[in-house]
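File shown: structure31.cif (mmCIF, C-alpha atoms).
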data_model
#
loop_
_atom_site.label_atom_id
_atom_site.label_comp_id
_atom_site.auth_asym_id
_atom_site.auth_seq_id
_atom_site.Cartn_x
_atom_site.Cartn_y
_atom_site.Cartn_z
CA MET A 13 114.78 102.37 88.02
CA PRO A 14 113.43 99.61 90.30
CA LEU A 15 114.93 99.63 93.76
CA ILE A 16 117.53 96.92 94.37
CA PRO A 17 116.84 95.35 97.79
CA ASN A 18 119.64 95.70 100.32
CA LYS A 19 120.28 95.03 104.01
CA ASP A 20 118.11 98.02 104.98
CA THR A 21 115.11 97.04 102.83
CA VAL A 22 111.88 96.82 104.85
CA LEU A 23 109.92 93.64 104.11
CA CYS A 24 106.14 93.37 103.89
CA MET A 25 104.11 90.33 102.89
CA SER A 26 100.70 88.73 102.66
CA LEU A 27 99.29 85.40 103.80
CA ALA A 28 96.46 83.84 101.81
CA GLY A 29 95.10 80.41 101.04
CA ARG A 30 95.35 81.35 97.36
CA PRO A 31 98.07 84.00 96.99
CA GLY A 32 97.48 86.54 94.22
CA THR A 33 99.61 89.11 92.45
CA PHE A 34 97.50 92.26 92.86
CA GLY A 35 98.94 93.24 96.25
CA VAL A 36 102.49 92.43 95.18
CA ARG A 37 102.28 94.65 92.10
CA PHE A 38 100.28 97.40 93.86
CA HIS A 39 102.61 97.80 96.83
CA ASN A 40 105.89 97.36 94.97
CA HIS A 41 104.81 99.81 92.28
CA LEU A 42 104.08 102.47 94.88
CA TYR A 43 107.33 101.75 96.76
CA GLU A 44 109.22 102.36 93.53
CA GLN A 45 107.26 105.49 92.55
CA LEU A 46 107.69 107.02 96.01
CA GLY A 47 111.33 105.99 96.44
CA LEU A 48 110.65 103.83 99.50
CA ASN A 49 113.13 101.10 100.43
CA TYR A 50 110.42 98.44 100.89
CA TYR A 51 109.67 95.10 99.23
CA TYR A 52 106.41 93.10 99.24
CA LYS A 53 105.94 89.34 98.73
CA ALA A 54 102.81 87.16 98.67
CA MET A 55 102.94 83.84 100.54
CA THR A 56 100.83 81.03 101.93
CA THR A 57 101.41 78.66 104.85
CA ARG A 58 100.36 75.36 106.39
CA ASP A 59 101.69 76.46 109.79
CA LEU A 60 100.04 79.75 110.72
CA PRO A 61 101.53 80.12 114.24
CA ALA A 62 105.04 79.63 112.85
CA ALA A 63 104.36 82.08 110.01
CA VAL A 64 103.15 84.79 112.40
CA GLY A 65 106.06 84.05 114.71
CA GLY A 66 108.34 84.60 111.73
CA ILE A 67 106.81 88.02 111.11
CA ARG A 68 107.68 88.98 114.68
CA ALA A 69 111.11 87.35 114.80
CA LEU A 70 112.34 88.54 111.40
CA GLY A 71 111.12 92.11 111.73
CA ILE A 72 108.71 91.94 108.79
CA ARG A 73 106.95 95.29 108.93
CA GLY A 74 103.49 94.37 107.71
CA CYS A 75 101.38 91.44 106.61
CA GLY A 76 98.12 91.39 104.69
CA VAL A 77 95.85 88.54 105.84
CA SER A 78 93.32 86.89 103.52
CA MET A 79 91.04 83.86 103.59
CA PRO A 80 91.21 81.51 105.44
CA PHE A 81 93.39 83.21 108.08
CA LYS A 82 91.38 86.31 109.04
CA GLU A 83 90.06 84.87 112.30
CA ALA A 84 92.71 82.26 113.03
CA CYS A 85 95.38 84.98 113.30
CA ILE A 86 93.64 86.79 116.15
CA PRO A 87 95.11 84.74 119.07
CA LEU A 88 98.58 85.13 117.55
CA VAL A 89 98.81 88.94 117.66
CA ASP A 90 99.37 91.30 120.61
CA GLU A 91 96.73 93.97 120.02
CA LEU A 92 93.57 94.55 117.99
CA ASP A 93 92.73 97.93 116.53
CA PRO A 94 89.04 98.87 117.06
CA SER A 95 88.40 98.18 113.36
CA ALA A 96 89.30 94.52 114.01
CA ALA A 97 88.19 94.12 117.63
CA ALA A 98 84.60 95.14 116.86
CA ILE A 99 84.14 92.34 114.35
CA GLN A 100 86.76 89.82 115.50
CA SER A 101 88.30 89.57 112.05
CA ILE A 102 91.60 90.95 110.78
CA ASN A 103 93.21 91.53 107.41
CA THR A 104 96.34 93.50 108.33
CA VAL A 105 99.14 93.01 110.84
CA VAL A 106 101.65 95.78 111.59
CA ASN A 107 104.89 94.90 113.38
CA THR A 108 106.44 97.66 115.49
CA ASP A 109 109.59 96.42 117.20
CA GLY A 110 108.09 92.98 117.73
CA HIS A 111 104.64 94.20 118.81
CA LEU A 112 101.99 92.90 116.41
CA LYS A 113 98.87 95.03 116.04
CA ALA A 114 96.02 93.87 113.82
CA TYR A 115 93.58 95.99 111.80
CA ASN A 116 90.71 95.43 109.40
CA THR A 117 91.04 97.67 106.35
CA ASP A 118 88.37 95.56 104.58
CA TYR A 119 85.81 97.19 106.88
CA LEU A 120 87.17 100.65 106.09
CA ALA A 121 87.06 99.92 102.35
CA ILE A 122 83.44 98.74 102.43
CA ARG A 123 82.34 101.84 104.33
CA GLN A 124 84.02 104.02 101.70
CA LEU A 125 82.36 102.11 98.84
CA ILE A 126 78.90 102.43 100.39
CA GLU A 127 79.40 106.20 100.38
CA GLN A 128 81.03 106.39 96.95
CA HIS A 129 78.24 104.40 95.28
CA GLN A 130 75.55 106.28 97.24
CA LEU A 131 73.82 103.14 98.50
CA ALA A 132 70.74 104.17 100.46
CA PRO A 133 70.42 102.79 104.02
CA ASP A 134 66.80 101.74 103.40
CA THR A 135 67.94 99.34 100.66
CA SER A 136 67.11 95.68 101.29
CA PHE A 137 70.06 93.35 100.80
CA ALA A 138 71.18 89.74 100.99
CA LEU A 139 74.77 88.91 101.86
CA ARG A 140 76.01 85.43 100.98
CA GLY A 141 78.79 84.27 103.29
CA SER A 142 79.63 84.00 106.99
CA GLY A 143 83.44 84.07 107.28
CA GLY A 144 85.87 86.78 108.31
CA MET A 145 85.33 88.95 105.24
CA ALA A 146 81.56 88.57 105.59
CA LYS A 147 81.86 89.91 109.14
CA ALA A 148 83.66 93.00 107.85
CA VAL A 149 81.10 93.60 105.10
CA ALA A 150 78.01 92.98 107.25
CA SER A 151 79.38 95.17 110.03
CA ALA A 152 80.11 97.98 107.58
CA PHE A 153 76.53 97.87 106.29
CA ARG A 154 75.17 97.76 109.84
CA ASP A 155 77.26 100.76 110.89
CA ALA A 156 76.17 102.65 107.76
CA GLY A 157 72.55 102.33 108.93
CA PHE A 158 71.32 99.41 106.79
CA LYS A 159 68.60 97.54 108.69
CA ARG A 160 66.90 95.37 106.03
CA GLY A 161 69.56 92.70 105.65
CA THR A 162 69.62 88.92 105.38
CA ILE A 163 72.67 86.73 105.85
CA VAL A 164 72.57 83.76 103.47
CA ALA A 165 74.88 81.00 104.72
CA ARG A 166 74.75 77.21 104.71
CA ASN A 167 76.82 77.15 107.90
CA ALA A 168 73.90 77.64 110.27
CA GLU A 169 75.98 78.37 113.35
CA ALA A 170 78.20 80.98 111.70
CA GLY A 171 75.33 82.46 109.69
CA ARG A 172 73.03 82.86 112.69
CA SER A 173 75.86 84.29 114.79
CA LEU A 174 76.72 86.92 112.17
CA ALA A 175 73.06 87.81 111.64
CA LEU A 176 72.50 88.18 115.38
CA ALA A 177 75.61 90.33 115.82
CA CYS A 178 74.48 92.73 113.10
CA GLY A 179 70.73 92.69 113.72
CA TYR A 180 69.86 90.88 110.47
CA GLU A 181 67.91 87.78 109.48
CA TRP A 182 69.52 84.48 108.53
CA GLN A 183 68.58 81.95 105.84
CA ALA A 184 70.47 78.89 104.64
CA GLU A 185 69.52 79.70 101.03
CA LEU A 186 68.19 82.78 99.27
CA GLY A 187 64.94 81.00 98.43
CA VAL A 188 62.18 83.36 97.28
CA LEU A 189 63.90 86.42 98.74
CA ARG A 190 64.46 89.10 96.09
CA PRO A 191 66.32 92.04 97.70
CA GLN A 192 67.40 95.24 96.00
CA LEU A 193 71.10 94.55 96.65
CA LEU A 194 72.98 91.26 96.34
CA VAL A 195 76.40 90.91 97.99
CA ASN A 196 78.66 87.90 97.45
CA VAL A 197 81.31 87.31 100.12
CA THR A 198 82.12 83.67 99.31
CA PRO A 199 84.74 82.07 97.02
CA ILE A 200 82.05 81.41 94.39
CA GLY A 201 83.37 82.91 91.16
CA MET A 202 86.98 83.10 92.35
CA SER A 203 89.72 82.16 89.88
CA GLY A 204 91.27 78.77 90.51
CA GLY A 205 88.46 77.51 92.71
CA ALA A 206 86.02 74.67 92.16
CA GLU A 207 83.19 77.20 91.70
CA ALA A 208 85.09 79.66 89.48
CA ASP A 209 82.47 79.57 86.71
CA GLU A 210 79.39 79.61 88.92
CA LEU A 211 76.99 82.42 89.79
CA SER A 212 76.72 83.22 93.48
CA PHE A 213 73.03 84.11 93.12
CA GLU A 214 70.21 82.83 90.95
CA VAL A 215 69.66 84.62 87.62
CA ASP A 216 66.12 85.73 88.50
CA ALA A 217 67.40 87.22 91.78
CA ILE A 218 70.00 89.21 89.85
CA GLU A 219 67.29 90.33 87.42
CA ALA A 220 65.16 91.56 90.34
CA ALA A 221 68.02 93.41 92.07
CA GLN A 222 69.09 96.99 91.52
CA THR A 223 72.74 96.49 92.51
CA VAL A 224 75.16 93.56 92.64
CA PHE A 225 78.32 93.65 94.71
CA ASP A 226 80.93 90.91 94.42
CA VAL A 227 83.76 91.11 96.95
CA VAL A 228 85.76 88.51 94.96
CA ALA A 229 88.63 90.40 93.29
CA LEU A 230 90.18 87.65 91.18
CA PRO A 231 89.04 87.90 88.48
CA PRO A 232 87.75 91.50 88.60
CA GLN A 233 84.87 90.42 86.34
CA THR A 234 83.36 87.43 88.09
CA PRO A 235 80.32 85.61 86.71
CA LEU A 236 78.14 87.72 89.04
CA VAL A 237 79.71 90.98 87.86
CA LEU A 238 79.40 89.99 84.20
CA LYS A 239 75.75 89.00 84.61
CA GLY A 240 74.99 92.21 86.50
CA GLN A 241 76.62 94.29 83.78
CA ALA A 242 74.75 92.41 81.05
CA LEU A 243 71.46 93.14 82.82
CA GLY A 244 72.27 96.84 83.27
CA LYS A 245 72.56 96.71 87.06
CA GLN A 246 74.69 98.96 89.22
CA VAL A 247 77.83 96.90 89.83
CA ILE A 248 80.44 97.11 92.59
CA THR A 249 83.50 94.92 92.14
CA GLY A 250 86.03 93.22 94.35
CA LEU A 251 88.73 95.18 92.53
CA GLU A 252 87.37 98.33 94.16
CA VAL A 253 87.50 96.64 97.56
CA ILE A 254 91.01 95.31 97.19
CA ALA A 255 92.33 98.65 95.92
CA LEU A 256 90.92 100.63 98.84
CA GLN A 257 91.95 98.14 101.50
CA ALA A 258 95.44 97.85 99.97
CA LEU A 259 95.82 101.62 100.07
CA GLU A 260 95.00 101.70 103.78
CA GLN A 261 97.48 98.85 104.36
CA PHE A 262 100.14 100.79 102.47
CA VAL A 263 99.60 103.79 104.73
CA LEU A 264 99.81 101.64 107.86
CA TYR A 265 103.05 100.02 106.71
CA THR A 266 104.83 103.15 105.49
CA GLY A 267 103.18 106.17 107.11
CA VAL A 268 102.88 107.66 103.61
CA ARG A 269 99.57 108.35 101.83
CA PRO A 270 99.97 108.42 98.03
CA SER A 271 98.02 110.85 95.89
CA ALA A 272 94.83 109.75 94.13
CA GLU A 273 96.69 109.79 90.82
CA GLN A 274 99.47 107.59 92.19
CA VAL A 275 96.93 105.11 93.58
CA SER A 276 95.06 105.03 90.26
CA LYS A 277 98.26 104.24 88.37
CA ALA A 278 99.19 101.57 90.92
CA VAL A 279 95.79 99.88 90.51
CA GLU A 280 96.14 99.95 86.73
CA TYR A 281 99.64 98.48 86.99
CA ALA A 282 98.49 95.82 89.47
CA ARG A 283 95.78 94.64 87.08
CA GLY A 284 98.30 94.19 84.22
#
Show how you would write the structure in this file as C-alpha coordinates.
Amino acid sequence: MPLIPNKDTVLCMSLAGRPGTFGVRFHNHLYEQLGLNYYYKAMTTRDLPAAVGGIRALGIRGCGVSMPFKEACIPLVDELDPSAAAIQSINTVVNTDGHLKAYNTDYLAIRQLIEQHQLAPDTSFALRGSGGMAKAVASAFRDAGFKRGTIVARNAEAGRSLALACGYEWQAELGVLRPQLLVNVTPIGMSGGAEADELSFEVDAIEAAQTVFDVVALPPQTPLVLKGQALGKQVITGLEVIALQALEQFVLYTGVRPSAEQVSKAVEYARG
(Lines of atoms letter the chains of each structure in order from A and count residues from 1; the text may use other names and numbers.)
(Lines give C-alpha, C1' and ligand atoms only; values in the text may rest on other atoms or scores of the structure.)
Protein backbone atom coordinates (compact mmCIF):
# COMPACT_ATOMS: atom_id res chain seq x y z
CA MET A 1 0.00 0.00 0.00
CA PRO A 2 1.18 3.58 -0.66
CA LEU A 3 2.69 5.25 2.36
CA ILE A 4 0.43 7.81 4.04
CA PRO A 5 2.52 10.92 4.84
CA ASN A 6 2.76 11.80 8.52
CA LYS A 7 4.64 14.22 10.77
CA ASP A 8 7.86 12.21 10.33
CA THR A 9 7.72 12.07 6.52
CA VAL A 10 10.91 13.40 4.89
CA LEU A 11 10.19 15.83 2.06
CA CYS A 12 12.13 16.08 -1.19
CA MET A 13 11.34 18.27 -4.18
CA SER A 14 12.50 19.65 -7.50
CA LEU A 15 12.69 23.15 -8.96
CA ALA A 16 12.30 23.58 -12.71
CA GLY A 17 11.11 26.19 -15.14
CA ARG A 18 8.83 23.51 -16.59
CA PRO A 19 8.12 20.95 -13.86
CA GLY A 20 7.64 17.39 -15.09
CA THR A 21 6.27 14.20 -13.59
CA PHE A 22 9.14 11.76 -14.22
CA GLY A 23 11.04 12.58 -11.03
CA VAL A 24 7.88 12.61 -8.93
CA ARG A 25 6.84 9.15 -10.10
CA PHE A 26 10.39 7.74 -10.06
CA HIS A 27 11.24 8.82 -6.51
CA ASN A 28 7.85 8.14 -4.94
CA HIS A 29 7.68 4.70 -6.56
CA LEU A 30 11.04 3.75 -5.06
CA TYR A 31 10.12 5.21 -1.65
CA GLU A 32 7.05 2.98 -1.63
CA GLN A 33 8.86 -0.14 -2.87
CA LEU A 34 11.64 0.28 -0.31
CA GLY A 35 9.37 1.26 2.57
CA LEU A 36 10.95 4.69 3.03
CA ASN A 37 8.96 7.43 4.77
CA TYR A 38 9.73 10.05 2.09
CA TYR A 39 7.60 12.11 -0.29
CA TYR A 40 8.67 13.95 -3.47
CA LYS A 41 6.98 16.96 -5.14
CA ALA A 42 7.84 18.92 -8.30
CA MET A 43 7.63 22.72 -8.12
CA THR A 44 8.63 25.92 -9.87
CA THR A 45 9.28 29.41 -8.53
CA ARG A 46 9.55 33.07 -9.48
CA ASP A 47 11.57 33.80 -6.34
CA LEU A 48 14.59 31.49 -6.29
CA PRO A 49 16.30 32.90 -3.15
CA ALA A 50 13.07 32.50 -1.17
CA ALA A 51 12.57 28.97 -2.52
CA VAL A 52 16.08 27.89 -1.53
CA GLY A 53 15.64 29.60 1.83
CA GLY A 54 12.49 27.53 2.27
CA ILE A 55 14.43 24.33 1.65
CA ARG A 56 16.78 25.27 4.47
CA ALA A 57 14.15 26.62 6.87
CA LEU A 58 11.61 23.83 6.41
CA GLY A 59 14.07 20.97 6.57
CA ILE A 60 13.39 19.71 3.05
CA ARG A 61 15.95 16.95 2.60
CA GLY A 62 16.75 17.25 -1.07
CA CYS A 63 15.97 19.28 -4.16
CA GLY A 64 16.54 18.48 -7.81
CA VAL A 65 17.44 21.59 -9.82
CA SER A 66 16.62 21.93 -13.53
CA MET A 67 16.72 24.66 -16.16
CA PRO A 68 16.88 27.61 -15.70
CA PHE A 69 18.15 27.41 -12.10
CA LYS A 70 21.31 25.29 -12.39
CA GLU A 71 23.72 28.23 -12.15
CA ALA A 72 21.55 30.75 -10.33
CA CYS A 73 21.33 28.45 -7.29
CA ILE A 74 25.09 28.39 -6.72
CA PRO A 75 25.36 31.59 -4.58
CA LEU A 76 22.45 30.36 -2.46
CA VAL A 77 24.01 27.12 -1.17
CA ASP A 78 26.73 26.56 1.46
CA GLU A 79 29.01 24.06 -0.26
CA LEU A 80 29.71 22.64 -3.71
CA ASP A 81 30.65 19.01 -4.23
CA PRO A 82 33.58 18.61 -6.68
CA SER A 83 31.11 17.35 -9.31
CA ALA A 84 29.46 20.80 -9.24
CA ALA A 85 32.44 23.01 -8.37
CA ALA A 86 34.44 21.88 -11.40
CA ILE A 87 31.79 23.03 -13.85
CA GLN A 88 29.96 25.69 -11.81
CA SER A 89 26.58 24.11 -12.42
CA ILE A 90 24.37 22.16 -10.04
CA ASN A 91 21.35 19.90 -10.33
CA THR A 92 20.99 18.56 -6.78
CA VAL A 93 20.87 20.16 -3.34
CA VAL A 94 21.10 18.06 -0.16
CA ASN A 95 20.06 19.61 3.14
CA THR A 96 21.78 18.24 6.25
CA ASP A 97 20.58 20.07 9.35
CA GLY A 98 20.35 23.35 7.48
CA HIS A 99 23.64 22.96 5.58
CA LEU A 100 22.99 22.97 1.83
CA LYS A 101 25.47 21.05 -0.30
CA ALA A 102 25.12 21.03 -4.09
CA TYR A 103 26.07 18.27 -6.53
CA ASN A 104 25.86 17.64 -10.26
CA THR A 105 24.52 14.16 -10.96
CA ASP A 106 23.97 15.17 -14.62
CA TYR A 107 27.75 15.01 -15.05
CA LEU A 108 27.88 11.58 -13.42
CA ALA A 109 25.06 10.32 -15.65
CA ILE A 110 26.74 11.50 -18.87
CA ARG A 111 30.01 9.84 -17.92
CA GLN A 112 28.15 6.57 -17.34
CA LEU A 113 26.34 6.82 -20.69
CA ILE A 114 29.57 7.46 -22.59
CA GLU A 115 30.88 4.19 -21.17
CA GLN A 116 27.64 2.23 -21.58
CA HIS A 117 27.28 3.20 -25.25
CA GLN A 118 31.01 2.66 -25.89
CA LEU A 119 31.55 6.06 -27.49
CA ALA A 120 35.14 6.28 -28.69
CA PRO A 121 37.19 9.28 -27.47
CA ASP A 122 38.44 10.00 -31.00
CA THR A 123 34.86 10.64 -32.16
CA SER A 124 34.21 14.14 -33.51
CA PHE A 125 31.15 15.80 -32.01
CA ALA A 126 29.08 18.97 -31.99
CA LEU A 127 27.22 20.00 -28.86
CA ARG A 128 24.40 22.51 -29.26
CA GLY A 129 23.86 24.58 -26.13
CA SER A 130 25.80 26.65 -23.59
CA GLY A 131 23.80 26.61 -20.34
CA GLY A 132 24.24 24.71 -17.10
CA MET A 133 23.38 21.30 -18.54
CA ALA A 134 25.66 21.94 -21.52
CA LYS A 135 28.50 22.57 -19.06
CA ALA A 136 27.89 19.19 -17.43
CA VAL A 137 27.75 17.37 -20.77
CA ALA A 138 30.77 19.10 -22.32
CA SER A 139 32.82 18.57 -19.17
CA ALA A 140 31.91 14.88 -19.09
CA PHE A 141 33.07 14.46 -22.69
CA ARG A 142 36.27 16.39 -21.97
CA ASP A 143 37.04 14.26 -18.92
CA ALA A 144 36.34 11.09 -20.91
CA GLY A 145 39.13 12.08 -23.32
CA PHE A 146 37.12 13.56 -26.22
CA LYS A 147 39.23 16.22 -27.95
CA ARG A 148 37.46 16.82 -31.30
CA GLY A 149 34.50 18.83 -30.07
CA THR A 150 32.66 21.95 -31.20
CA ILE A 151 30.26 23.97 -29.07
CA VAL A 152 27.41 25.32 -31.20
CA ALA A 153 25.74 28.26 -29.43
CA ARG A 154 24.19 31.52 -30.58
CA ASN A 155 25.15 33.11 -27.26
CA ALA A 156 28.70 33.99 -28.26
CA GLU A 157 29.91 34.85 -24.77
CA ALA A 158 28.59 31.68 -23.13
CA GLY A 159 29.52 29.50 -26.09
CA ARG A 160 33.11 30.75 -26.28
CA SER A 161 33.50 30.48 -22.51
CA LEU A 162 32.32 26.86 -22.45
CA ALA A 163 34.48 25.95 -25.45
CA LEU A 164 37.54 27.54 -23.86
CA ALA A 165 36.94 25.81 -20.53
CA CYS A 166 36.76 22.40 -22.20
CA GLY A 167 39.36 22.87 -24.93
CA TYR A 168 36.87 22.83 -27.81
CA GLU A 169 36.00 25.06 -30.75
CA TRP A 170 33.00 27.38 -30.85
CA GLN A 171 30.61 28.23 -33.69
CA ALA A 172 27.36 30.19 -33.62
CA GLU A 173 25.78 27.69 -36.04
CA LEU A 174 26.67 24.19 -37.20
CA GLY A 175 27.24 25.42 -40.75
CA VAL A 176 29.08 22.90 -42.94
CA LEU A 177 30.38 20.94 -39.95
CA ARG A 178 29.37 17.27 -40.15
CA PRO A 179 30.65 15.49 -37.01
CA GLN A 180 30.21 11.83 -36.14
CA LEU A 181 28.20 12.62 -33.00
CA LEU A 182 25.47 15.24 -32.53
CA VAL A 183 24.46 16.26 -29.01
CA ASN A 184 21.47 18.50 -28.28
CA VAL A 185 21.50 20.26 -24.91
CA THR A 186 18.92 22.96 -25.66
CA PRO A 187 15.12 23.10 -25.16
CA ILE A 188 14.60 22.43 -28.89
CA GLY A 189 12.25 19.45 -29.09
CA MET A 190 11.03 19.76 -25.50
CA SER A 191 7.32 19.23 -24.82
CA GLY A 192 5.40 22.42 -24.17
CA GLY A 193 8.02 24.71 -25.64
CA ALA A 194 7.86 26.97 -28.68
CA GLU A 195 10.29 24.65 -30.51
CA ALA A 196 8.69 21.35 -29.46
CA ASP A 197 8.29 20.11 -33.04
CA GLU A 198 11.63 21.30 -34.38
CA LEU A 199 14.84 19.41 -35.11
CA SER A 200 17.88 20.59 -33.18
CA PHE A 201 20.17 19.77 -36.12
CA GLU A 202 19.78 19.88 -39.88
CA VAL A 203 18.58 16.67 -41.57
CA ASP A 204 21.73 16.28 -43.67
CA ALA A 205 23.88 16.61 -40.53
CA ILE A 206 21.88 13.83 -38.88
CA GLU A 207 22.27 11.73 -42.04
CA ALA A 208 26.06 12.22 -41.91
CA ALA A 209 26.36 11.40 -38.19
CA GLN A 210 26.89 8.00 -36.63
CA THR A 211 25.22 8.80 -33.30
CA VAL A 212 22.64 11.31 -32.07
CA PHE A 213 22.25 12.17 -28.40
CA ASP A 214 19.34 14.30 -27.19
CA VAL A 215 19.51 15.30 -23.53
CA VAL A 216 15.86 16.46 -23.66
CA ALA A 217 13.84 13.89 -21.68
CA LEU A 218 10.30 15.14 -22.28
CA PRO A 219 9.21 13.60 -24.54
CA PRO A 220 11.60 10.60 -24.54
CA GLN A 221 11.26 10.49 -28.34
CA THR A 222 12.08 14.01 -29.46
CA PRO A 223 12.13 14.99 -33.14
CA LEU A 224 15.91 14.42 -33.12
CA VAL A 225 15.58 10.96 -31.57
CA LEU A 226 12.81 9.97 -34.00
CA LYS A 227 14.81 11.16 -37.01
CA GLY A 228 17.93 9.37 -35.76
CA GLN A 229 16.00 6.14 -35.30
CA ALA A 230 14.40 6.45 -38.74
CA LEU A 231 17.87 6.83 -40.28
CA GLY A 232 19.28 3.84 -38.39
CA LYS A 233 21.66 5.86 -36.21
CA GLN A 234 22.86 4.94 -32.75
CA VAL A 235 20.56 6.92 -30.46
CA ILE A 236 21.02 8.04 -26.85
CA THR A 237 17.99 9.59 -25.21
CA GLY A 238 17.30 12.09 -22.47
CA LEU A 239 15.30 9.39 -20.70
CA GLU A 240 18.56 7.54 -20.10
CA VAL A 241 20.11 10.72 -18.68
CA ILE A 242 17.22 11.55 -16.39
CA ALA A 243 17.01 7.98 -15.08
CA LEU A 244 20.69 7.80 -14.16
CA GLN A 245 20.85 11.26 -12.62
CA ALA A 246 17.62 10.61 -10.67
CA LEU A 247 19.09 7.40 -9.29
CA GLU A 248 22.15 9.24 -7.99
CA GLN A 249 19.88 11.90 -6.47
CA PHE A 250 17.85 9.18 -4.77
CA VAL A 251 21.00 7.75 -3.21
CA LEU A 252 22.12 11.19 -2.00
CA TYR A 253 18.73 11.89 -0.41
CA THR A 254 18.18 8.51 1.25
CA GLY A 255 21.57 6.79 1.58
CA VAL A 256 19.97 3.74 -0.08
CA ARG A 257 20.98 2.36 -3.50
CA PRO A 258 18.16 0.37 -5.13
CA SER A 259 18.86 -2.75 -7.16
CA ALA A 260 19.06 -2.57 -10.96
CA GLU A 261 15.70 -4.35 -11.17
CA GLN A 262 14.08 -1.86 -8.80
CA VAL A 263 15.46 1.07 -10.81
CA SER A 264 14.24 -0.47 -14.07
CA LYS A 265 10.73 -0.86 -12.68
CA ALA A 266 10.80 2.70 -11.33
CA VAL A 267 11.78 4.07 -14.75
CA GLU A 268 9.00 2.08 -16.42
CA TYR A 269 6.51 3.36 -13.85
CA ALA A 270 7.74 6.95 -14.22
CA ARG A 271 7.18 6.85 -17.97
CA GLY A 272 3.55 5.70 -17.55
Residues picked by the PyMOL selection byres ((chain A and resi 214) around 12) here, as JSON, numbers by chain? {"A": [140, 185, 186, 187, 188, 189, 190, 194, 196, 210, 211, 212, 213, 215, 216, 217, 218, 219, 220, 221, 224, 235, 236, 239, 240]}
Please produce an output containing C-alpha atoms for each residue in the selection, written as a CSV table (one decimal), keeping the file's coordinate frame.
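Dumped to selection14.csv:
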chain,number,residue,atom,x,y,z
A,140,ARG,CA,76.0,85.4,101.0
A,185,GLU,CA,69.5,79.7,101.0
A,186,LEU,CA,68.2,82.8,99.3
A,187,GLY,CA,64.9,81.0,98.4
A,188,VAL,CA,62.2,83.4,97.3
A,189,LEU,CA,63.9,86.4,98.7
A,190,ARG,CA,64.5,89.1,96.1
A,194,LEU,CA,73.0,91.3,96.3
A,196,ASN,CA,78.7,87.9,97.4
A,210,GLU,CA,79.4,79.6,88.9
A,211,LEU,CA,77.0,82.4,89.8
A,212,SER,CA,76.7,83.2,93.5
A,213,PHE,CA,73.0,84.1,93.1
A,215,VAL,CA,69.7,84.6,87.6
A,216,ASP,CA,66.1,85.7,88.5
A,217,ALA,CA,67.4,87.2,91.8
A,218,ILE,CA,70.0,89.2,89.8
A,219,GLU,CA,67.3,90.3,87.4
A,220,ALA,CA,65.2,91.6,90.3
A,221,ALA,CA,68.0,93.4,92.1
A,224,VAL,CA,75.2,93.6,92.6
A,235,PRO,CA,80.3,85.6,86.7
A,236,LEU,CA,78.1,87.7,89.0
A,239,LYS,CA,75.8,89.0,84.6
A,240,GLY,CA,75.0,92.2,86.5
Correct to one decimal, the distance CA of Pro232 (chain A)-CA of Gln100 (chain A) is 27.0 Å
Give one line per residue of region 61-170 of chain A that approaches region 250-255 of chain A to at most 10 Å, naming the two atoms of the closest pair and their distance in Å to one decimal, counting all atoms listed in the file; sort by chain then ascending residue number and deliver it as a Markdown table.
| residue | atom | partner | partner_atom | distance |
| --- | --- | --- | --- | --- |
| A:Thr117 | CA | A:Ile254 | CA | 9.5 |
| A:Asp118 | CA | A:Val253 | CA | 7.2 |
| A:Tyr119 | CA | A:Val253 | CA | 9.5 |
| A:Leu120 | CA | A:Val253 | CA | 9.4 |
| A:Ala121 | CA | A:Val253 | CA | 5.8 |
| A:Ile122 | CA | A:Val253 | CA | 6.7 |
| A:Arg123 | CA | A:Val253 | CA | 10.0 |
| A:Gln124 | CA | A:Val253 | CA | 9.1 |
| A:Leu125 | CA | A:Val253 | CA | 7.6 |
Residues within 8 Å of region 103-116 of chain A, only C-alpha atoms, excluding chain neighbours under 2 positions, as a ChimeraX atom specification: /A:67-69,71-78,82,86,89-96,101,118-120,148,261,264-265
Just so the selection is clear, what residues does the PyMOL selection byres ((chain A and resi 200) around 12) cover here, as a PyMOL selection string? chain A and resi 140-141+195-199+201-213+226-231+234-237
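With distances restricted to all atoms listed in the file, A:Leu256 is the closest residue to Ala272 (chain A) from A:Ala84, A:Pro31, A:Gly66, A:Leu256.
Among the candidates A:Gln130, A:Ser271, A:Thr162, A:Gln257, the one nearest to Phe34 (chain A) when counting all atoms listed in the file is A:Gln257.
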Using all atoms listed in the file, determine which residues lie at most 7 Å from Trp182 (chain A), disregarding the query and same-chain residues fewer than 4 positions distant; provide the list as a ChimeraX atom specification. /A:162-164,171-172,175
Excluding Ile16 (chain A) and residues on its chain fewer than 6 positions from it, collect all residues at most 10 Å away from it, counting only C-alpha atoms, and give them as a ChimeraX atom specification. /A:44,49-51
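Restricting the calculation to all atoms listed in the file, the smallest distance between Val149 (chain A) and any of A:Ala168, A:Ile126, A:Ala242, A:Leu131 is found for A:Ile126.
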Any idea what the distance is between CA of Gly65 (chain A) and CA of Asp20 (chain A)? 20.9 Å
